[in-house]
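Only one structure is covered here, and it is reproduced in the block below.
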Amino acid sequence: MMSQEEILVSLVQGRDGKAWAERQQTGWSVYSKEPACTWTGIQCDSMDRTTVVSIDLSGTKLEGTIPPELEKLPNLRVLALGSNEIRGNIPSQVANMPNLEKFNVSDNFITGTVPSFASRLLNTVDLSKNRLAGPLPEDFGTNHDRIMLYDVMKNILTGTVPGSVRDMEALETLSLSDNHFSGLLPTGLGMLQNLKYLYLDDNYFVGTIPADLARVQGSLLEEVWLQDNRLSGTVPVAFADSSNLLDLYLDGNKLTGKVPRDLCRSEINSDFFWGIPEDEGRDYCDSIACPVNTAAFEGVF
């Protein structure tokens, strides 16, 4: 049976890994005299003070792959390896760990597909800024009613958004930006009453903007980024009911009609008027969409 120290050292791979380990303040060697709980980036259970529950090596210039041996740390709650040089795929053994609460491997060079995660305790999944491909798992939202942040932006993911997203009742941030997603925007997003930040920009979504996206009474939506897709139809007047809405980006689509006047409020897309004196007169509808045959100076509205 492998010790915790031996399992952790599986993260140290090759010559570059050994050089990385030597730069750490404590531990990261099977020959280390310090217990794993004292190693750089490691936290143990506050009760028994011996069981590893968190690995956070974010931004430490770690190189290598995610070792499947980590599954032998069944009590692991946090695996944070963001902003490193991690390559390879996400092993199924790690995705199936039962007690994960936070999984962050953002800003690496990870390939393969997005796995289905087994833990029902997950509150954070951040796979952004990698090289993941293929569709999202159909059940990616199933049994994940605690997830508050799901971020896969800046990959090369394809396909439609599975309907199981509606099961993520605690979801506050959904970020699918800058991928190759297509098809219709999923209906029912407006039923996610905790949703604040919705980023679906820079994809290939088609069809209309679902009116129910902002129709829920007491909507918490603050930012809705739908720009640079292939959406058509009109801007739903229901967005005007979102009293917390600050950003509504719709440029770069095939929308028609006029912006509903109820949406033309000073607090929405307020950065559009930065540097323009208030006494020069403002049409706040312009910050939602430019008039016909005009374009914003910044080229983003």
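Following the order of the structure tokens, first chain is A, next is B, and so on, with residues numbered from 1 inside each chain and ligands from 1 in the order they appear.
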Can you tell me, as a short mmCIF file (atom, residue, chain, number, x, y, z; two decimals) with N, CA and C atoms, in the first residue's frame, what residues are no more than 10 Å from stretch 187-203 of chain A when counting only C-alpha atoms, ignoring any on the same chain fewer than 5 positions away?
data_model
loop_
_atom_site.label_atom_id
_atom_site.label_comp_id
_atom_site.auth_asym_id
_atom_site.auth_seq_id
_atom_site.Cartn_x
_atom_site.Cartn_y
_atom_site.Cartn_z
N MET A 148 -21.18 25.70 -8.03
CA MET A 148 -21.42 27.14 -8.15
C MET A 148 -20.67 27.73 -9.34
N LEU A 149 -19.54 27.13 -9.71
CA LEU A 149 -18.77 27.63 -10.85
C LEU A 149 -18.40 26.46 -11.75
N ASP A 151 -16.50 26.23 -15.43
CA ASP A 151 -15.79 27.07 -16.40
C ASP A 151 -14.97 26.19 -17.34
N MET A 153 -14.10 27.75 -20.51
CA MET A 153 -13.81 28.72 -21.56
C MET A 153 -12.43 28.48 -22.19
N LYS A 154 -12.29 28.90 -23.42
CA LYS A 154 -11.03 28.84 -24.16
C LYS A 154 -10.47 27.42 -24.25
N ILE A 156 -11.49 23.84 -27.14
CA ILE A 156 -12.00 23.62 -28.50
C ILE A 156 -13.16 22.63 -28.44
N LEU A 157 -14.05 22.89 -27.50
CA LEU A 157 -15.19 22.01 -27.27
C LEU A 157 -16.27 22.23 -28.33
N THR A 158 -17.00 21.18 -28.63
CA THR A 158 -18.01 21.21 -29.69
C THR A 158 -19.34 20.67 -29.16
N VAL A 161 -25.14 22.33 -25.70
CA VAL A 161 -25.09 22.35 -24.24
C VAL A 161 -26.14 21.37 -23.72
N GLY A 163 -28.96 19.38 -21.72
CA GLY A 163 -30.07 19.86 -20.90
C GLY A 163 -29.85 19.67 -19.41
N SER A 164 -28.91 18.80 -19.04
CA SER A 164 -28.67 18.55 -17.61
C SER A 164 -28.12 19.77 -16.90
N VAL A 165 -27.77 20.82 -17.66
CA VAL A 165 -27.32 22.06 -17.02
C VAL A 165 -28.40 22.60 -16.09
N ARG A 166 -29.64 22.28 -16.39
CA ARG A 166 -30.75 22.78 -15.58
C ARG A 166 -30.79 22.15 -14.19
N ASP A 167 -30.03 21.06 -14.00
CA ASP A 167 -29.99 20.40 -12.69
C ASP A 167 -29.02 21.06 -11.72
N MET A 168 -28.23 22.01 -12.21
CA MET A 168 -27.19 22.62 -11.38
C MET A 168 -27.78 23.80 -10.61
N GLU A 169 -28.54 23.48 -9.59
CA GLU A 169 -29.37 24.46 -8.90
C GLU A 169 -28.58 25.56 -8.20
N ALA A 170 -27.35 25.26 -7.80
CA ALA A 170 -26.54 26.25 -7.07
C ALA A 170 -25.67 27.09 -8.00
N LEU A 171 -25.75 26.84 -9.29
CA LEU A 171 -24.84 27.46 -10.25
C LEU A 171 -24.92 28.98 -10.21
N GLU A 172 -23.76 29.61 -10.02
CA GLU A 172 -23.66 31.07 -10.06
C GLU A 172 -22.95 31.55 -11.32
N THR A 173 -21.95 30.77 -11.79
CA THR A 173 -21.18 31.15 -12.97
C THR A 173 -21.11 29.99 -13.93
N LEU A 174 -21.55 30.21 -15.16
CA LEU A 174 -21.40 29.24 -16.24
C LEU A 174 -20.63 29.92 -17.35
N SER A 175 -19.42 29.43 -17.62
CA SER A 175 -18.55 30.04 -18.62
C SER A 175 -18.18 29.01 -19.68
N LEU A 176 -18.75 29.20 -20.87
CA LEU A 176 -18.46 28.33 -22.02
C LEU A 176 -17.83 29.12 -23.16
N SER A 177 -17.35 30.32 -22.87
CA SER A 177 -16.86 31.24 -23.89
C SER A 177 -15.73 30.65 -24.72
N ASP A 178 -15.63 31.15 -25.96
CA ASP A 178 -14.48 30.89 -26.82
C ASP A 178 -14.23 29.40 -27.03
N ASN A 179 -15.28 28.71 -27.50
CA ASN A 179 -15.19 27.32 -27.90
C ASN A 179 -15.84 27.17 -29.27
N HIS A 180 -16.26 25.96 -29.60
CA HIS A 180 -16.94 25.72 -30.86
C HIS A 180 -18.33 25.14 -30.62
N PHE A 181 -18.97 25.52 -29.52
CA PHE A 181 -20.31 25.04 -29.25
C PHE A 181 -21.28 25.53 -30.32
N SER A 182 -22.33 24.76 -30.55
CA SER A 182 -23.29 25.11 -31.60
C SER A 182 -24.69 24.73 -31.13
N ILE A 209 -32.78 34.06 -28.61
CA ILE A 209 -32.43 34.12 -27.20
C ILE A 209 -33.67 33.72 -26.41
N PRO A 210 -33.59 32.66 -25.61
CA PRO A 210 -34.79 32.22 -24.87
C PRO A 210 -35.32 33.33 -23.96
N ALA A 211 -36.60 33.60 -24.07
CA ALA A 211 -37.20 34.67 -23.27
C ALA A 211 -37.14 34.35 -21.79
N ASP A 212 -37.14 33.05 -21.44
CA ASP A 212 -37.15 32.68 -20.02
C ASP A 212 -35.80 32.90 -19.35
N LEU A 213 -34.78 33.29 -20.14
CA LEU A 213 -33.46 33.48 -19.57
C LEU A 213 -33.46 34.54 -18.48
N ALA A 214 -34.31 35.53 -18.58
CA ALA A 214 -34.32 36.62 -17.61
C ALA A 214 -35.70 36.87 -17.02
N ARG A 215 -36.58 35.91 -17.15
CA ARG A 215 -37.96 36.15 -16.74
C ARG A 215 -38.23 35.74 -15.29
N VAL A 216 -37.31 35.06 -14.66
CA VAL A 216 -37.53 34.60 -13.30
C VAL A 216 -37.60 35.79 -12.35
N GLN A 217 -38.63 35.82 -11.53
CA GLN A 217 -38.77 36.91 -10.56
C GLN A 217 -37.60 36.87 -9.58
N GLY A 218 -37.00 38.03 -9.36
CA GLY A 218 -35.86 38.07 -8.46
C GLY A 218 -34.58 37.57 -9.09
N SER A 219 -34.48 37.64 -10.42
CA SER A 219 -33.27 37.17 -11.11
C SER A 219 -32.02 37.86 -10.58
N LEU A 220 -30.95 37.07 -10.38
CA LEU A 220 -29.69 37.60 -9.89
C LEU A 220 -28.71 37.90 -11.01
N LEU A 221 -29.12 37.69 -12.25
CA LEU A 221 -28.22 37.86 -13.39
C LEU A 221 -27.58 39.25 -13.39
N GLU A 222 -26.24 39.25 -13.43
CA GLU A 222 -25.50 40.50 -13.51
C GLU A 222 -24.78 40.66 -14.85
N GLU A 223 -24.29 39.55 -15.39
CA GLU A 223 -23.55 39.62 -16.65
C GLU A 223 -24.03 38.52 -17.59
N VAL A 224 -24.41 38.91 -18.81
CA VAL A 224 -24.83 37.97 -19.85
C VAL A 224 -24.03 38.31 -21.10
N TRP A 225 -23.12 37.42 -21.47
CA TRP A 225 -22.26 37.63 -22.64
C TRP A 225 -22.69 36.64 -23.73
N LEU A 226 -23.31 37.16 -24.78
CA LEU A 226 -23.76 36.33 -25.90
C LEU A 226 -23.15 36.78 -27.22
N GLN A 227 -22.20 37.69 -27.15
CA GLN A 227 -21.65 38.27 -28.37
C GLN A 227 -20.90 37.25 -29.22
N ASP A 228 -20.80 37.57 -30.50
CA ASP A 228 -20.04 36.77 -31.46
C ASP A 228 -20.53 35.33 -31.54
N ASN A 229 -21.83 35.20 -31.79
CA ASN A 229 -22.45 33.92 -32.12
C ASN A 229 -23.22 34.10 -33.43
N ARG A 230 -24.23 33.30 -33.64
CA ARG A 230 -25.06 33.43 -34.84
C ARG A 230 -26.53 33.51 -34.44
N ASN A 244 -30.72 43.44 -11.56
CA ASN A 244 -29.30 43.39 -11.21
C ASN A 244 -28.39 43.41 -12.42
N LEU A 245 -28.96 43.43 -13.63
CA LEU A 245 -28.17 43.29 -14.84
C LEU A 245 -27.25 44.48 -15.06
N ASP A 247 -24.11 43.90 -17.36
CA ASP A 247 -23.50 43.68 -18.67
C ASP A 247 -24.42 42.82 -19.52
N LEU A 248 -24.75 43.30 -20.70
CA LEU A 248 -25.53 42.53 -21.67
C LEU A 248 -24.88 42.75 -23.03
N TYR A 249 -24.04 41.81 -23.44
CA TYR A 249 -23.28 41.95 -24.68
C TYR A 249 -23.90 41.06 -25.74
N LEU A 250 -24.36 41.69 -26.83
CA LEU A 250 -25.09 40.97 -27.87
C LEU A 250 -24.52 41.19 -29.26
N ASP A 251 -23.42 41.96 -29.37
CA ASP A 251 -22.89 42.30 -30.69
C ASP A 251 -22.38 41.07 -31.42
N GLY A 252 -22.23 41.20 -32.72
CA GLY A 252 -21.68 40.10 -33.51
C GLY A 252 -22.65 38.96 -33.72
#
Spatial neighbours of stretch 60-74 of chain A, max dist 9 Å, only C-alpha atoms, sep filter under 2 positions, as a ChimeraX atom specification: /A:2,4,7-8,10-14,16-17,20-21,24,51-53,57-58,76-77,81-100,110
Shell of 9 Å around A:Gln25, only C-alpha atoms, local chain residues under 3 positions omitted, as a ChimeraX atom specification: /A:21-22,39-40
Those residues with N, CA and C atoms, as a PDB file, in the first residue's frame please?
ATOM      1  N   ALA A  21      10.664  20.076  -7.652  1.00  0.00           N
ATOM      2  CA  ALA A  21      10.598  19.638  -6.262  1.00  0.00           C
ATOM      3  C   ALA A  21      11.694  20.287  -5.428  1.00  0.00           C
ATOM      4  N   GLU A  22      12.849  20.446  -6.020  1.00  0.00           N
ATOM      5  CA  GLU A  22      13.971  21.045  -5.285  1.00  0.00           C
ATOM      6  C   GLU A  22      13.727  22.513  -4.978  1.00  0.00           C
ATOM      7  N   TRP A  39       4.168  19.622   3.723  1.00  0.00           N
ATOM      8  CA  TRP A  39       4.724  19.909   2.413  1.00  0.00           C
ATOM      9  C   TRP A  39       4.075  21.149   1.805  1.00  0.00           C
ATOM     10  N   THR A  40       4.831  21.835   0.981  1.00  0.00           N
ATOM     11  CA  THR A  40       4.318  23.010   0.279  1.00  0.00           C
ATOM     12  C   THR A  40       3.083  22.647  -0.542  1.00  0.00           C
TER      13      THR A  40
END
Per-residue DSSP, stretch 46-235 of chain A, filtered to strand (DSSP E or B), as a PyMOL selection string: chain A and resi 52-56+63-65+78-80+85-88+102-104+109-110+124-126+133-134+149-151+156-159+173-175+180-184+197-199+204-207+223-225+230-233
Residues of stretch 175-236 of chain A in helix (DSSP H, G or I), written as a VMD selection string: chain A and resid 189 to 191 211 to 214
Compile the contact shell of A:Gly257 as a CSV table (one decimal) with C-alpha atoms, in the first residue's frame: residues with an atom at most 8 Å away, counting only C-alpha atoms, same-chain residues fewer than 5 positions apart removed.
chain,number,residue,atom,x,y,z
A,233,GLY,CA,-34.6,37.1,-33.7
A,234,THR,CA,-35.1,40.1,-31.4
A,235,VAL,CA,-33.7,41.1,-28.0
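When atom CA of A:Pro186 is paired with atom CA of A:Tyr204, their separation reads 13.3 Å.
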